[in-house]
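**Q** File final04.pdb below, PDB, C-alpha atoms:
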```pdb
ATOM      1  CA  GLN K  20     -81.700 -36.601 -65.595
ATOM      2  CA  VAL K  21     -82.960 -34.153 -68.175
ATOM      3  CA  GLN K  22     -86.096 -32.059 -67.793
ATOM      4  CA  LEU K  23     -87.884 -30.679 -70.840
ATOM      5  CA  VAL K  24     -90.612 -28.030 -70.912
ATOM      6  CA  GLU K  25     -92.494 -27.211 -74.115
ATOM      7  CA  SER K  26     -94.419 -24.039 -74.853
ATOM      8  CA  GLY K  27     -95.869 -22.127 -77.762
ATOM      9  CA  GLY K  28     -98.811 -24.269 -78.768
ATOM     10  CA  GLY K  29    -102.241 -22.874 -79.466
ATOM     11  CA  LEU K  30    -105.000 -22.387 -81.994
ATOM     12  CA  VAL K  31    -104.018 -21.150 -85.435
ATOM     13  CA  GLN K  32    -105.810 -20.860 -88.757
ATOM     14  CA  PRO K  33    -104.742 -22.916 -91.769
ATOM     15  CA  GLY K  34    -101.815 -21.237 -93.468
ATOM     16  CA  GLY K  35    -100.676 -19.643 -90.238
ATOM     17  CA  SER K  36     -97.493 -19.997 -88.218
ATOM     18  CA  LEU K  37     -96.441 -20.951 -84.702
ATOM     19  CA  ARG K  38     -93.115 -21.322 -82.949
ATOM     20  CA  LEU K  39     -92.700 -24.011 -80.335
ATOM     21  CA  SER K  40     -89.978 -23.873 -77.706
ATOM     22  CA  CYS K  41     -88.380 -26.654 -75.680
ATOM     23  CA  VAL K  42     -86.273 -25.605 -72.712
ATOM     24  CA  ALA K  43     -83.926 -28.219 -71.290
ATOM     25  CA  SER K  44     -82.462 -28.368 -67.802
ATOM     26  CA  GLY K  45     -80.517 -30.864 -65.741
ATOM     27  CA  SER K  46     -77.789 -32.955 -67.360
ATOM     28  CA  ILE K  47     -77.906 -31.092 -70.651
ATOM     29  CA  TRP K  48     -74.219 -31.765 -71.247
ATOM     30  CA  ASN K  49     -75.212 -35.379 -71.897
ATOM     31  CA  ILE K  50     -77.753 -34.639 -74.634
ATOM     32  CA  ASN K  51     -76.833 -35.979 -78.064
ATOM     33  CA  ASN K  52     -79.998 -35.220 -79.977
ATOM     34  CA  VAL K  53     -83.253 -33.301 -79.512
ATOM     35  CA  GLY K  54     -86.378 -34.051 -81.474
ATOM     36  CA  TRP K  55     -89.923 -32.830 -81.839
ATOM     37  CA  TYR K  56     -92.575 -35.534 -82.059
ATOM     38  CA  ARG K  57     -96.314 -35.241 -82.448
ATOM     39  CA  GLN K  58     -99.307 -37.401 -81.718
ATOM     40  CA  ALA K  59    -102.694 -36.791 -83.259
ATOM     41  CA  PRO K  60    -105.860 -38.342 -81.797
ATOM     42  CA  GLY K  61    -106.042 -42.033 -82.652
ATOM     43  CA  LYS K  62    -102.595 -42.058 -84.223
ATOM     44  CA  GLU K  63     -99.149 -43.141 -83.145
ATOM     45  CA  ARG K  64     -96.522 -40.674 -82.067
ATOM     46  CA  GLU K  65     -94.288 -39.691 -84.975
ATOM     47  CA  LEU K  66     -91.015 -37.854 -85.408
ATOM     48  CA  VAL K  67     -91.411 -34.379 -86.894
ATOM     49  CA  ALA K  68     -87.871 -33.016 -86.766
ATOM     50  CA  SER K  69     -84.615 -33.504 -84.908
ATOM     51  CA  ILE K  70     -81.307 -31.755 -84.414
ATOM     52  CA  THR K  71     -78.007 -32.983 -83.045
ATOM     53  CA  SER K  72     -76.141 -31.226 -80.284
ATOM     54  CA  GLY K  73     -72.685 -31.159 -81.794
ATOM     55  CA  GLY K  74     -71.197 -28.708 -84.250
ATOM     56  CA  THR K  75     -73.687 -26.696 -86.240
ATOM     57  CA  GLY K  76     -76.386 -29.304 -85.634
ATOM     58  CA  THR K  77     -77.480 -31.874 -88.183
ATOM     59  CA  THR K  78     -81.207 -31.665 -88.840
ATOM     60  CA  ASN K  79     -83.717 -34.240 -89.985
ATOM     61  CA  TYR K  80     -87.357 -33.754 -91.018
ATOM     62  CA  ALA K  81     -90.358 -35.883 -91.714
ATOM     63  CA  ASP K  82     -91.383 -35.700 -95.365
ATOM     64  CA  SER K  83     -94.748 -34.256 -94.388
ATOM     65  CA  VAL K  84     -93.180 -31.104 -92.902
ATOM     66  CA  LYS K  85     -90.168 -30.502 -95.152
ATOM     67  CA  GLY K  86     -90.142 -26.963 -96.454
ATOM     68  CA  ARG K  87     -92.697 -25.834 -93.856
ATOM     69  CA  PHE K  88     -91.072 -26.522 -90.485
ATOM     70  CA  THR K  89     -87.625 -25.519 -89.270
ATOM     71  CA  ILE K  90     -85.875 -26.852 -86.174
ATOM     72  CA  SER K  91     -83.141 -24.791 -84.563
ATOM     73  CA  ARG K  92     -81.331 -24.471 -81.264
ATOM     74  CA  ASP K  93     -79.979 -21.723 -79.012
ATOM     75  CA  ASN K  94     -77.308 -23.291 -76.832
ATOM     76  CA  ALA K  95     -76.997 -20.191 -74.663
ATOM     77  CA  LYS K  96     -80.669 -20.561 -73.710
ATOM     78  CA  ASN K  97     -80.695 -24.380 -73.610
ATOM     79  CA  THR K  98     -83.632 -24.153 -76.006
ATOM     80  CA  VAL K  99     -84.683 -25.920 -79.182
ATOM     81  CA  TYR K 100     -87.303 -24.302 -81.398
ATOM     82  CA  LEU K 101     -89.704 -25.613 -83.983
ATOM     83  CA  GLN K 102     -90.833 -22.901 -86.381
ATOM     84  CA  MET K 103     -93.983 -24.078 -88.130
ATOM     85  CA  SER K 104     -95.341 -22.300 -91.184
ATOM     86  CA  SER K 105     -98.061 -22.958 -93.740
ATOM     87  CA  LEU K 106     -99.868 -24.999 -91.127
ATOM     88  CA  LYS K 107    -102.513 -27.481 -92.213
ATOM     89  CA  PRO K 108    -105.382 -29.063 -90.276
ATOM     90  CA  GLU K 109    -103.497 -32.356 -90.405
ATOM     91  CA  ASP K 110    -100.721 -30.767 -88.337
ATOM     92  CA  THR K 111    -103.117 -30.715 -85.387
ATOM     93  CA  ALA K 112    -101.581 -32.776 -82.600
ATOM     94  CA  VAL K 113     -99.879 -32.688 -79.241
ATOM     95  CA  TYR K 114     -96.237 -31.854 -79.882
ATOM     96  CA  TYR K 115     -93.619 -33.389 -77.604
ATOM     97  CA  CYS K 116     -89.985 -32.550 -77.103
ATOM     98  CA  ASN K 117     -87.608 -35.491 -76.759
ATOM     99  CA  SER K 118     -83.953 -35.605 -75.815
ATOM    100  CA  ARG K 119     -81.670 -38.563 -76.244
ATOM    101  CA  THR K 120     -78.440 -38.845 -74.305
ATOM    102  CA  TYR K 121     -75.144 -40.226 -75.562
ATOM    103  CA  GLY K 122     -75.995 -43.349 -73.571
ATOM    104  CA  GLY K 123     -79.253 -43.779 -75.455
ATOM    105  CA  ARG K 124     -81.620 -42.724 -72.699
ATOM    106  CA  ASN K 125     -84.769 -40.847 -73.738
ATOM    107  CA  TYR K 126     -86.495 -38.018 -71.901
ATOM    108  CA  TRP K 127     -89.846 -36.466 -72.787
ATOM    109  CA  GLY K 128     -91.642 -33.263 -72.053
ATOM    110  CA  LYS K 129     -95.355 -33.152 -71.240
ATOM    111  CA  GLY K 130     -96.319 -31.779 -74.630
ATOM    112  CA  THR K 131     -98.041 -28.732 -76.047
ATOM    113  CA  LEU K 132    -101.236 -28.803 -78.082
ATOM    114  CA  VAL K 133    -101.325 -27.339 -81.588
ATOM    115  CA  THR K 134    -104.723 -26.962 -83.209
ATOM    116  CA  VAL K 135    -105.009 -25.840 -86.824
ATOM    117  CA  SER K 136    -108.571 -24.891 -87.603
ATOM    118  CA  SER K 137    -110.641 -22.113 -89.122
TER     119      SER K 137
END
```
Would you mind giving the structure from this file in structure tokens?

**A**
Amino acid sequence: QVQLVESGGGLVQPGGSLRLSCVASGSIWNINNVGWYRQAPGKERELVASITSGGTGTTNYADSVKGRFTISRDNAKNTVYLQMSSLKPEDTAVYYCNSRTYGGRNYWGKGTLVTVSS
């Protein structure tokens, strides 16, 4: 079992920045990949960014956030971050942390709300 807790969401003006955190606990040794997903009202959940657990961490980004968002990890703190800059109203969504184990099992956090509005 893996438990994930997100934090860092809130209200920010367009052009602003936020940093989301995802703290993992439990069987973290079994995590192969951690991703940030988001779900806006009336839309399907979509992958925003992901990072692998091994080595220096291979990252992957949705086209809509490339150059604006950065995913990183701190293994000592069992934490994955999502640094979001140049935020747009269309980035408004609930952001979820996901971990996938080497066996292919998925775990989800409860999400944190990001609202980009003036």

**Q** Give the answer as one residue: which of K:Ser44, K:Ser36, K:Thr78, K:Asn94 has the shortest atom-to-atom distance to Lys107 (chain K), using all atoms listed in the file?

**A**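 The shortest atom-to-atom distance to Lys107 (chain K) comes from K:Ser36.
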
**Q** Evaluate the PyMOL selection byres ((chain K and resi 98) around 7) on the structure here and hand back the selected residues as a VMD selection string.

**A** chain K and resid 40 to 43 92 to 94 96 to 97 99 to 100

**Q** Would you translate the PyMOL selection byres ((chain K and resi 134) around 10) into the concrete set of residues it matches in this file, as a ChimeraX atom specification?

**A** /K:28-33,106-113,131-133,135-137

**Q** Please define a box with edges along x, y and z of the file around all atoms of region 76-85 of chain K given in the file, extend it by 5 Å on each side, and return its centre and edge lengths in Å to one decimal, as lines of an AutoDock Vina configuration file.

**A**
```
center_x = -85.6
center_y = -32.6
center_z = -90.5
size_x = 28.4
size_y = 16.6
size_z = 19.7
```

**Q** Taking into account all atoms listed in the file, which residue in the set K:Asn51, K:Ser83, K:Ser26, K:Gln58 is nearest to Leu39 (chain K)?

**A**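 Among the listed residues, the smallest separation from Leu39 (chain K) belongs to K:Ser26.
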
**Q** Could you state which residues are captured by the PyMOL selection byres ((chain K and resi 120) around 10) in this file, as a list in words?

**A**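 For this structure, the PyMOL selection byres ((chain K and resi 120) around 10) captures Gln20, Val21, Ser46, Ile47, Trp48, Asn49, Ile50, Asn51, Asn52, Val53, Ser72, Ser118, Arg119, Tyr121, Gly122, Gly123, Arg124, Asn125 and Tyr126 of chain K.
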
**Q** Nearest to Arg38 (chain K): which of K:Met103, K:Leu23, K:Ala81, K:Ala95 is it, counting only C-alpha atoms?

**A**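 So, comparing all the options, the nearest one is K:Met103.
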
**Q** With distances taken over all atoms listed in the file, which of K:Asn79, K:Gly74, K:Leu37, K:Tyr114 is nearest to Gln102 (chain K)?

**A**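 Of all the options, K:Leu37 lies closest to Gln102 (chain K).
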
**Q** With all atoms listed in the file as the atoms that count, which of K:Trp55, K:Ser69, K:Tyr80, K:Thr89 lies nearest to Glu25 (chain K)?

**A** K:Trp55

**Q** Just the number, please: distance in Å from CA of Asn117 (chain K) to CA of Glu65 (chain K), one decimal.

**A**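 Going from CA of Asn117 (chain K) over to CA of Glu65 (chain K), I get 11.4 Å.
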